[in-house]
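A.B. asks: First the structure, then my questions, so here it is.
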Amino acid sequence: MTVTAAKPSEETIKSFVETRAAPTYVLGRMARWMSKLCPVTVGLGDKYAKYVSQRIRDVASSVGARVNSDPGCRPNIEVVFTTTPQGLMDRVRQTQPLLLGCHSNLHKADELARVTHPIQAWYTTVSQDMGGSKQIDVGRCGINGGTKLNVTTDAATETGGAATVGGSQLVLPCAFVVHVSGSRAKDGLSSGFFNVLIVAEPGKLLDHEVGALADYIAMLALSQPASLDSCQELPSISNMLAPGCASISNRITDGDLAFLHAFYKLPEGNFLAAQRNYVRYEMKNILVNDTPK
């Protein structure tokens with residue numbers, strides 16, 4: 001007996017890409033790990049906690065993400081299993097609101113801290129310019145300081161991130177200096193992850209084996225979905241906890257891996273449309289044209 005798997009259409013791949021990776025608040029780009037990732041898992045027995053963290057590392061390494069090999073590395077992916085997820089996020093809201101992700105006001109912080117799914121992730125992102133300088137995307141004026149600009153009737157000269165010719169000083173509290181290419185096709189700005197917090201409520205996940213949960217969490221740790229409730233036509237671990245999906249997978253799929261391979265090959269500094277086009281093209285090569293990764 002020969003089984004032939006149907007190859008996905010271009011529309012199926014396009015839909016997957018557009019719902020699998022959300023644009024960031026500041027730059028409007030798909031974010032990924034640019035720095036080395038370091039996961040830690042708590043709230044499970046030691047054996048299972050190590051398994052989940054190692055699974056994130058293994059999937060990340062297999063798709064080209066950079067992994068910190070130091071066993072004592074400072075975690076930037078925290079996976080927390082807890083019976084009181086909302087209590088945990090209320091404490092995060094009060095003591096470490098940066099971990100909620102980019103928000104412009106206190107009301108938005110309250111919304112972000114709300115737990116709505118049995119497994120949920122919060123993403124703190126950074127914006128990086130073409131020179132490699134990074135700024136955490138906090139979203140509130142004044143938190144990152146600002147830019148001081150010396151203004152005269154003559155042309156200002158930039159030195160070390162500010163204009164330094166004499167004259168009156170203009171303070172821009174919600175701005176920071178970035179270096180860009182000036183090209184309309186590619187400006188040199190990129191979005192990346194600074195921290196990912198993933199919270200799981202074990203009492204609502206009893207029907208799922210730890211292997212399936214680890215794969216679902218690994219996908220969350222490596223890319224930020226636009227929605228946790230979107231059913232993918234392309235087979236995906238993302239469907240596992242989305243309500244009403246016709247097709248459910250209990251492991252990370254070829255489509256998921258094709259997306260992550262393409263995602264972590266993205267050239268730096270492209271606009272969102274170019275990013276999505278690149279990922280679609282690479283996924284089509286892998287899934288339809290059978291081009292090696």
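Chain labels run A, B, ... following the order of the structure tokens; each chain numbers its residues from 1, and ligands are numbered from 1 in the order shown.
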At a cut-off of 12 Å, using only C-alpha atoms, what residues contact Leu260 (chain A)? Leave out same-chain residues fewer than 5 positions from it and give the result as a CSV table (one decimal) with C-alpha atoms, in the first residue's frame.
C.D. replies:
```csv
chain,number,residue,atom,x,y,z
A,16,PHE,CA,-0.3,29.7,8.1
A,17,VAL,CA,2.4,32.4,7.8
A,20,ARG,CA,1.6,32.0,12.9
A,21,ALA,CA,3.8,35.1,13.5
A,31,ALA,CA,10.2,38.7,15.9
A,32,ARG,CA,12.5,35.8,16.5
A,33,TRP,CA,15.4,35.0,18.7
A,59,VAL,CA,13.7,22.1,18.3
A,60,ALA,CA,15.5,25.4,18.3
A,61,SER,CA,18.8,23.9,17.3
A,62,SER,CA,17.2,21.9,14.6
A,63,VAL,CA,15.7,25.0,12.9
A,64,GLY,CA,18.8,27.2,13.2
A,65,ALA,CA,18.0,29.3,16.3
A,218,ALA,CA,8.5,24.8,21.9
A,219,MET,CA,6.5,26.3,19.1
A,220,LEU,CA,5.3,29.1,21.3
A,221,ALA,CA,8.9,29.7,22.6
A,222,LEU,CA,10.2,30.2,19.0
A,223,SER,CA,7.5,32.2,17.4
A,224,GLN,CA,4.7,34.5,18.6
A,236,SER,CA,0.2,22.0,13.0
A,252,ILE,CA,5.3,19.2,16.0
A,253,THR,CA,4.6,18.7,12.3
A,254,ASP,CA,6.6,19.0,9.0
A,255,GLY,CA,4.7,22.2,8.3
A,265,LYS,CA,16.8,31.9,7.9
A,266,LEU,CA,15.1,35.3,7.5
A,279,VAL,CA,9.0,32.6,4.6
A,280,ARG,CA,6.2,31.5,2.2
A,282,GLU,CA,11.0,28.9,1.7
A,283,MET,CA,8.1,26.8,3.0
A,286,ILE,CA,10.4,22.6,1.5
A,293,LYS,CA,16.3,22.5,4.1
```
A.B. asks: Given the choices A:Glu268, A:Glu78, A:Glu209, A:Glu233, which gets closest to Tyr48 (chain A) if the distance is worked out from only C-alpha atoms?
C.D. replies: A:Glu209
A.B. asks: Go through A:Asn76, A:Asn270, A:Ser35, A:Thr83 one by one, measure the shortest atom-to-atom distance of each to Asp187 (chain A) using only C-alpha atoms, and give the residue with the smallest value.
C.D. replies: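 Checking each of A:Asn76, A:Asn270, A:Ser35, A:Thr83 against Asp187 (chain A), counting only C-alpha atoms, the winner is A:Asn270.
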A.B. asks: Counting only C-alpha atoms, which of A:Asn195, A:Thr41, A:Ser249, A:Asn277 gets nearest to Leu100 (chain A)?
C.D. replies: A:Asn195
A.B. asks: Pick out the residues sitting within 12 Å of Ile217 (chain A), and hand them over as a ChimeraX atom specification; count only C-alpha atoms, and ignore anything fewer than 2 positions along from it in its own chain.
C.D. replies: /A:39-41,51-57,59-60,77-81,118-121,196-200,210-215,219-225,228,237-238,240-241,250-252
A.B. asks: Which of these, A:Gly101, A:Gly131, A:Gly45, A:Gly269, has the shortest distance to Leu27 (chain A) once you count only C-alpha atoms?
C.D. replies: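 Going through A:Gly101, A:Gly131, A:Gly45, A:Gly269 one by one, the smallest distance to Leu27 (chain A) is for A:Gly269.
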A.B. asks: Give me the residues near Asn239 (chain A) as JSON, numbers by chain, where near means some atom within 8 Å (using only C-alpha atoms) and where sequence neighbours in that chain fewer than 6 positions away do not count.
C.D. replies: {"A": [229, 230, 231, 232, 245, 247, 248, 249]}
A.B. asks: Just the alpha helix (DSSP H) stuff from region 52-90 of chain A, please, per backbone DSSP, written as a list in words.
C.D. replies: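 Going through region 52-90 of chain A, the alpha helix (DSSP H) residues come out as Val52, Ser53, Gln54, Arg55, Ile56, Arg57, Asp58, Val59, Ala60, Ser61, Ser62, Val63, Pro85, Gln86, Gly87, Leu88, Met89 and Asp90 of chain A.
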A.B. asks: Next, dump the selected residues to file, keeping only C-alpha atoms, as a PDB file, in the first residue's frame.
C.D. replies:
```
ATOM      1  CA  VAL A  52      10.378  20.302  28.359  1.00  0.00           C
ATOM      2  CA  SER A  53      13.427  22.598  28.500  1.00  0.00           C
ATOM      3  CA  GLN A  54      15.518  20.172  26.466  1.00  0.00           C
ATOM      4  CA  ARG A  55      12.777  19.822  23.871  1.00  0.00           C
ATOM      5  CA  ILE A  56      12.786  23.589  23.364  1.00  0.00           C
ATOM      6  CA  ARG A  57      16.563  23.460  22.937  1.00  0.00           C
ATOM      7  CA  ASP A  58      16.391  20.549  20.498  1.00  0.00           C
ATOM      8  CA  VAL A  59      13.716  22.096  18.281  1.00  0.00           C
ATOM      9  CA  ALA A  60      15.512  25.449  18.345  1.00  0.00           C
ATOM     10  CA  SER A  61      18.834  23.884  17.333  1.00  0.00           C
ATOM     11  CA  SER A  62      17.214  21.856  14.558  1.00  0.00           C
ATOM     12  CA  VAL A  63      15.734  24.955  12.877  1.00  0.00           C
ATOM     13  CA  PRO A  85      -1.944  31.061  36.609  1.00  0.00           C
ATOM     14  CA  GLN A  86      -3.927  34.260  37.132  1.00  0.00           C
ATOM     15  CA  GLY A  87      -2.392  34.767  40.556  1.00  0.00           C
ATOM     16  CA  LEU A  88       1.037  34.390  39.003  1.00  0.00           C
ATOM     17  CA  MET A  89       0.287  36.894  36.257  1.00  0.00           C
ATOM     18  CA  ASP A  90      -1.182  39.352  38.761  1.00  0.00           C
TER      19      ASP A  90
END
```
A.B. asks: Using Å and a single decimal, report how far CA of Lys284 (chain A) sits from CA of Thr12 (chain A).
C.D. replies: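 Distance reported for this atom pair: 10.2 Å.
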A.B. asks: Here is a test: counting only C-alpha atoms, which residue of A:Leu287, A:Met34, A:Ala109, A:Val115 is nearest to Leu234 (chain A)?
C.D. replies: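 Selected residue with least distance to Leu234 (chain A): A:Leu287.
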